[in-house]
Amino acid sequence: MVISALSHQGVTKPKVVSHIDLTEPFGTVAQWTFVAIQDGGQPIPDFEDHGPILLCLVKAASPDCAQHLYQQVRSEMPWFDTPYHLFDGSVVYANQNKSSPLLFLKVCGAVSGDGDCEIATALYTYDKRNDRFIRVFLNLTGRNNNQATRFVESGPLQGDVIVANPTENAPYTYWIEVYRAEDSGQYGRILRYRGHTGYSDGNPLAVADSEMPEILHRFGLWQPGDPLPVPAHLPQGCINLSMRHGEEWCKR
């Protein structure tokens, strides 16, 4: 159905790259599905070997593929602000016991000559009264300087989003931001500080993990001397966690 509808809208050689039935996890009134389609017929930049992707929320057999994850498409680099790669498409949960489901999407535009791409991360919640999905979070980052947008899937901050962006002046660390769902369901920023993690300081931990003790400390959830929070995904060879100048480190 989606392939046929998009073909009539000028998309040529459409190919399904992701398909998620949203009906059961969200308890939707009608049948809802997330489908990512790769357009095989659009002109592509020299450094990509395939066309852009379309992100579609499908109600019954009616697809809505106008998910504008980039706030502005720059005329000089339209390919950079158009989704070309689906990094993640999954159902995540803001609370334990698989309650408060959210649709999590992470895409990036075409990869530039230096390997960078603009990554868009979004969360959608389901509005049962109106039988529709609503975007409640959107953030854009690059990827060449260890920037990251992370949805926290477990622990005391489950359901929050941590964003790390490098500072533009010395000392070169990262701006750490935490976003949390408000009563409306929309995510709002509840914390921002200049982190301890230095850019390219040799710590194999991701910035969100190296800053986790400080983040938890600012929420009153961790104190010096408490056991260090263990990252969900430890780097290979990480055998010991320690604190160094306010930053959690992994020793190999």
# chains A, B, ... in the order shown; residues from 1 in each chain; ligands from 1

call {"tool": "closest_atom_pairs", "arguments": {"of": "segment 163-222 of chain A", "to": "segment 88-106 of chain A", "cutoff": "12 Å", "atoms": "only C-alpha atoms", "output": "Markdown table"}}
result
| residue | atom | partner | partner_atom | distance |
| --- | --- | --- | --- | --- |
| A:Arg180 | CA | A:Ala94 | CA | 9.7 |
| A:Ala181 | CA | A:Ala94 | CA | 9.0 |
| A:Gly185 | CA | A:Ser100 | CA | 10.4 |
| A:Gln186 | CA | A:Leu102 | CA | 11.7 |
| A:Tyr187 | CA | A:Ala94 | CA | 11.7 |

call {"tool": "atom_distance", "arguments": {"atom1": "atom CA of Thr33 of chain A", "atom2": "atom CA of Asp131 of chain A"}}
result
12.7 Å

call {"tool": "select_by_dssp", "arguments": {"residues": "segment 12-248 of chain A", "states": "strand (DSSP E)", "output": "ChimeraX atom specification"}}
result
/A:15-21,32-38,53-59,62-64,85-95,99-108,119-127,132-141,148-151,161-166,174-181,187-194,240-244,247-248

call {"tool": "residues_around", "arguments": {"residues": "Gly198 of chain A", "least_positions_apart": "4", "cutoff": "10 Å", "atoms": "only C-alpha atoms", "output": "list in words"}}
result
Pro166, Thr167, Ala170, Pro171, Tyr172, Thr173, Tyr174, Gly202, Asn203, Val207 and Glu247 of chain A

call {"tool": "write_last_selection", "arguments": {"atoms": "N, CA and C atoms", "output": "PDB file, in the first residue's frame"}}
result
ATOM      1  N   PRO A 166      30.121  19.743  21.647  1.00  0.00           N
ATOM      2  CA  PRO A 166      31.409  20.339  22.010  1.00  0.00           C
ATOM      3  C   PRO A 166      31.321  21.853  22.149  1.00  0.00           C
ATOM      4  N   THR A 167      32.067  22.386  23.105  1.00  0.00           N
ATOM      5  CA  THR A 167      32.128  23.836  23.262  1.00  0.00           C
ATOM      6  C   THR A 167      32.960  24.430  22.134  1.00  0.00           C
ATOM      7  N   ALA A 170      38.033  27.409  24.564  1.00  0.00           N
ATOM      8  CA  ALA A 170      38.751  26.710  25.626  1.00  0.00           C
ATOM      9  C   ALA A 170      38.129  27.018  26.988  1.00  0.00           C
ATOM     10  N   PRO A 171      38.192  26.056  27.919  1.00  0.00           N
ATOM     11  CA  PRO A 171      38.681  24.684  27.731  1.00  0.00           C
ATOM     12  C   PRO A 171      37.691  23.864  26.918  1.00  0.00           C
ATOM     13  N   TYR A 172      38.203  23.079  25.975  1.00  0.00           N
ATOM     14  CA  TYR A 172      37.354  22.386  25.023  1.00  0.00           C
ATOM     15  C   TYR A 172      36.759  21.139  25.659  1.00  0.00           C
ATOM     16  N   THR A 173      35.547  21.300  26.168  1.00  0.00           N
ATOM     17  CA  THR A 173      34.817  20.192  26.768  1.00  0.00           C
ATOM     18  C   THR A 173      33.489  20.061  26.016  1.00  0.00           C
ATOM     19  N   TYR A 174      32.420  19.693  26.705  1.00  0.00           N
ATOM     20  CA  TYR A 174      31.113  19.510  26.075  1.00  0.00           C
ATOM     21  C   TYR A 174      30.034  20.204  26.890  1.00  0.00           C
ATOM     22  N   GLY A 202      41.077  10.933  25.352  1.00  0.00           N
ATOM     23  CA  GLY A 202      41.532   9.547  25.452  1.00  0.00           C
ATOM     24  C   GLY A 202      40.623   8.633  26.242  1.00  0.00           C
ATOM     25  N   ASN A 203      39.586   9.171  26.846  1.00  0.00           N
ATOM     26  CA  ASN A 203      38.651   8.341  27.596  1.00  0.00           C
ATOM     27  C   ASN A 203      37.765   7.577  26.612  1.00  0.00           C
ATOM     28  N   VAL A 207      30.579  10.383  25.947  1.00  0.00           N
ATOM     29  CA  VAL A 207      30.497  11.581  26.775  1.00  0.00           C
ATOM     30  C   VAL A 207      29.360  11.464  27.787  1.00  0.00           C
ATOM     31  N   GLU A 247      35.380  13.391  36.071  1.00  0.00           N
ATOM     32  CA  GLU A 247      34.934  12.645  34.906  1.00  0.00           C
ATOM     33  C   GLU A 247      35.085  11.149  35.154  1.00  0.00           C
TER      34      GLU A 247
END

call {"tool": "residues_around", "arguments": {"residues": "Arg192 of chain A", "least_positions_apart": "5", "cutoff": "12 Å", "atoms": "only C-alpha atoms", "output": "ChimeraX atom specification"}}
result
/A:162-165,174-179,214-215,218-219

call {"tool": "write_last_selection", "arguments": {"atoms": "N, CA and C atoms", "output": "PDB file, in the first residue's frame"}}
result
ATOM      1  N   ILE A 162      19.709  12.874  26.910  1.00  0.00           N
ATOM      2  CA  ILE A 162      20.961  13.568  27.192  1.00  0.00           C
ATOM      3  C   ILE A 162      21.591  13.987  25.866  1.00  0.00           C
ATOM      4  N   VAL A 163      21.968  15.263  25.785  1.00  0.00           N
ATOM      5  CA  VAL A 163      22.605  15.794  24.583  1.00  0.00           C
ATOM      6  C   VAL A 163      23.990  16.313  24.957  1.00  0.00           C
ATOM      7  N   ALA A 164      24.995  15.944  24.163  1.00  0.00           N
ATOM      8  CA  ALA A 164      26.362  16.428  24.362  1.00  0.00           C
ATOM      9  C   ALA A 164      26.833  17.106  23.089  1.00  0.00           C
ATOM     10  N   ASN A 165      27.245  18.370  23.219  1.00  0.00           N
ATOM     11  CA  ASN A 165      27.774  19.126  22.094  1.00  0.00           C
ATOM     12  C   ASN A 165      29.090  19.770  22.493  1.00  0.00           C
ATOM     13  N   TYR A 174      32.420  19.693  26.705  1.00  0.00           N
ATOM     14  CA  TYR A 174      31.113  19.510  26.075  1.00  0.00           C
ATOM     15  C   TYR A 174      30.034  20.204  26.890  1.00  0.00           C
ATOM     16  N   TRP A 175      29.095  20.813  26.183  1.00  0.00           N
ATOM     17  CA  TRP A 175      27.877  21.272  26.835  1.00  0.00           C
ATOM     18  C   TRP A 175      26.976  20.060  27.035  1.00  0.00           C
ATOM     19  N   ILE A 176      26.561  19.846  28.265  1.00  0.00           N
ATOM     20  CA  ILE A 176      25.693  18.722  28.595  1.00  0.00           C
ATOM     21  C   ILE A 176      24.294  19.263  28.871  1.00  0.00           C
ATOM     22  N   GLU A 177      23.323  18.707  28.180  1.00  0.00           N
ATOM     23  CA  GLU A 177      21.929  19.097  28.365  1.00  0.00           C
ATOM     24  C   GLU A 177      21.088  17.863  28.651  1.00  0.00           C
ATOM     25  N   VAL A 178      20.095  18.023  29.518  1.00  0.00           N
ATOM     26  CA  VAL A 178      19.146  16.949  29.802  1.00  0.00           C
ATOM     27  C   VAL A 178      17.743  17.475  29.536  1.00  0.00           C
ATOM     28  N   TYR A 179      16.975  16.678  28.802  1.00  0.00           N
ATOM     29  CA  TYR A 179      15.588  17.016  28.472  1.00  0.00           C
ATOM     30  C   TYR A 179      14.657  15.982  29.099  1.00  0.00           C
ATOM     31  N   GLU A 214      28.282  13.275  37.266  1.00  0.00           N
ATOM     32  CA  GLU A 214      27.984  14.699  37.461  1.00  0.00           C
ATOM     33  C   GLU A 214      26.508  14.991  37.181  1.00  0.00           C
ATOM     34  N   ILE A 215      25.967  14.372  36.139  1.00  0.00           N
ATOM     35  CA  ILE A 215      24.546  14.579  35.839  1.00  0.00           C
ATOM     36  C   ILE A 215      23.686  14.116  37.008  1.00  0.00           C
ATOM     37  N   ARG A 218      23.906  16.369  40.079  1.00  0.00           N
ATOM     38  CA  ARG A 218      23.145  17.606  39.978  1.00  0.00           C
ATOM     39  C   ARG A 218      21.653  17.391  40.225  1.00  0.00           C
ATOM     40  N   PHE A 219      21.207  16.146  40.098  1.00  0.00           N
ATOM     41  CA  PHE A 219      19.820  15.816  40.419  1.00  0.00           C
ATOM     42  C   PHE A 219      19.685  15.199  41.819  1.00  0.00           C
TER      43      PHE A 219
END

call {"tool": "select_by_dssp", "arguments": {"residues": "segment 30-156 of chain A", "states": "helix (DSSP H, G or I)", "output": "list of chain:residue names"}}
result
A:Pro78, A:Trp79, A:Phe80, A:Asp81

call {"tool": "closest_residue", "arguments": {"among": "A:Glu48, A:Glu182, A:Asp209, A:Asp81", "to": "Ala120 of chain A", "atoms": "only C-alpha atoms"}}
result
A:Asp81

call {"tool": "closest_residue", "arguments": {"among": "A:Thr125, A:Ala208, A:Pro156, A:Trp249", "to": "Pro25 of chain A", "atoms": "only C-alpha atoms"}}
result
A:Thr125

call {"tool": "residues_around", "arguments": {"residues": "Gly225 of chain A", "least_positions_apart": "6", "cutoff": "12 Å", "atoms": "only C-alpha atoms", "output": "count of residues only"}}
result
4

call {"tool": "atom_distance", "arguments": {"atom1": "atom CA of Leu57 of chain A", "atom2": "atom CA of Ile37 of chain A"}}
result
11.1 Å

call {"tool": "closest_residue", "arguments": {"among": "A:Gly41, A:Gln31, A:Leu55, A:Gln67", "to": "Val16 of chain A", "atoms": "only C-alpha atoms"}}
result
A:Leu55

call {"tool": "residues_around", "arguments": {"residues": "Asn240 of chain A", "least_positions_apart": "6", "cutoff": "9 Å", "atoms": "only C-alpha atoms", "output": "list in words"}}
result
Trp249, Cys250, Lys251 and Arg252 of chain A

call {"tool": "write_last_selection", "arguments": {"atoms": "N, CA and C atoms", "output": "PDB file, in the first residue's frame"}}
result
ATOM      1  N   TRP A 249      36.041   7.569  34.171  1.00  0.00           N
ATOM      2  CA  TRP A 249      36.981   7.031  33.183  1.00  0.00           C
ATOM      3  C   TRP A 249      36.933   5.520  33.166  1.00  0.00           C
ATOM      4  N   CYS A 250      37.257   4.997  32.018  1.00  0.00           N
ATOM      5  CA  CYS A 250      37.394   3.556  31.841  1.00  0.00           C
ATOM      6  C   CYS A 250      38.859   3.241  31.608  1.00  0.00           C
ATOM      7  N   LYS A 251      39.433   2.393  32.476  1.00  0.00           N
ATOM      8  CA  LYS A 251      40.808   1.959  32.290  1.00  0.00           C
ATOM      9  C   LYS A 251      40.848   0.646  31.527  1.00  0.00           C
ATOM     10  N   ARG A 252      41.743   0.601  30.543  1.00  0.00           N
ATOM     11  CA  ARG A 252      41.889  -0.627  29.743  1.00  0.00           C
ATOM     12  C   ARG A 252      43.178  -1.331  30.103  1.00  0.00           C
TER      13      ARG A 252
END

call {"tool": "atom_distance", "arguments": {"atom1": "atom CA of Arg129 of chain A", "atom2": "atom CA of His68 of chain A"}}
result
23.4 Å
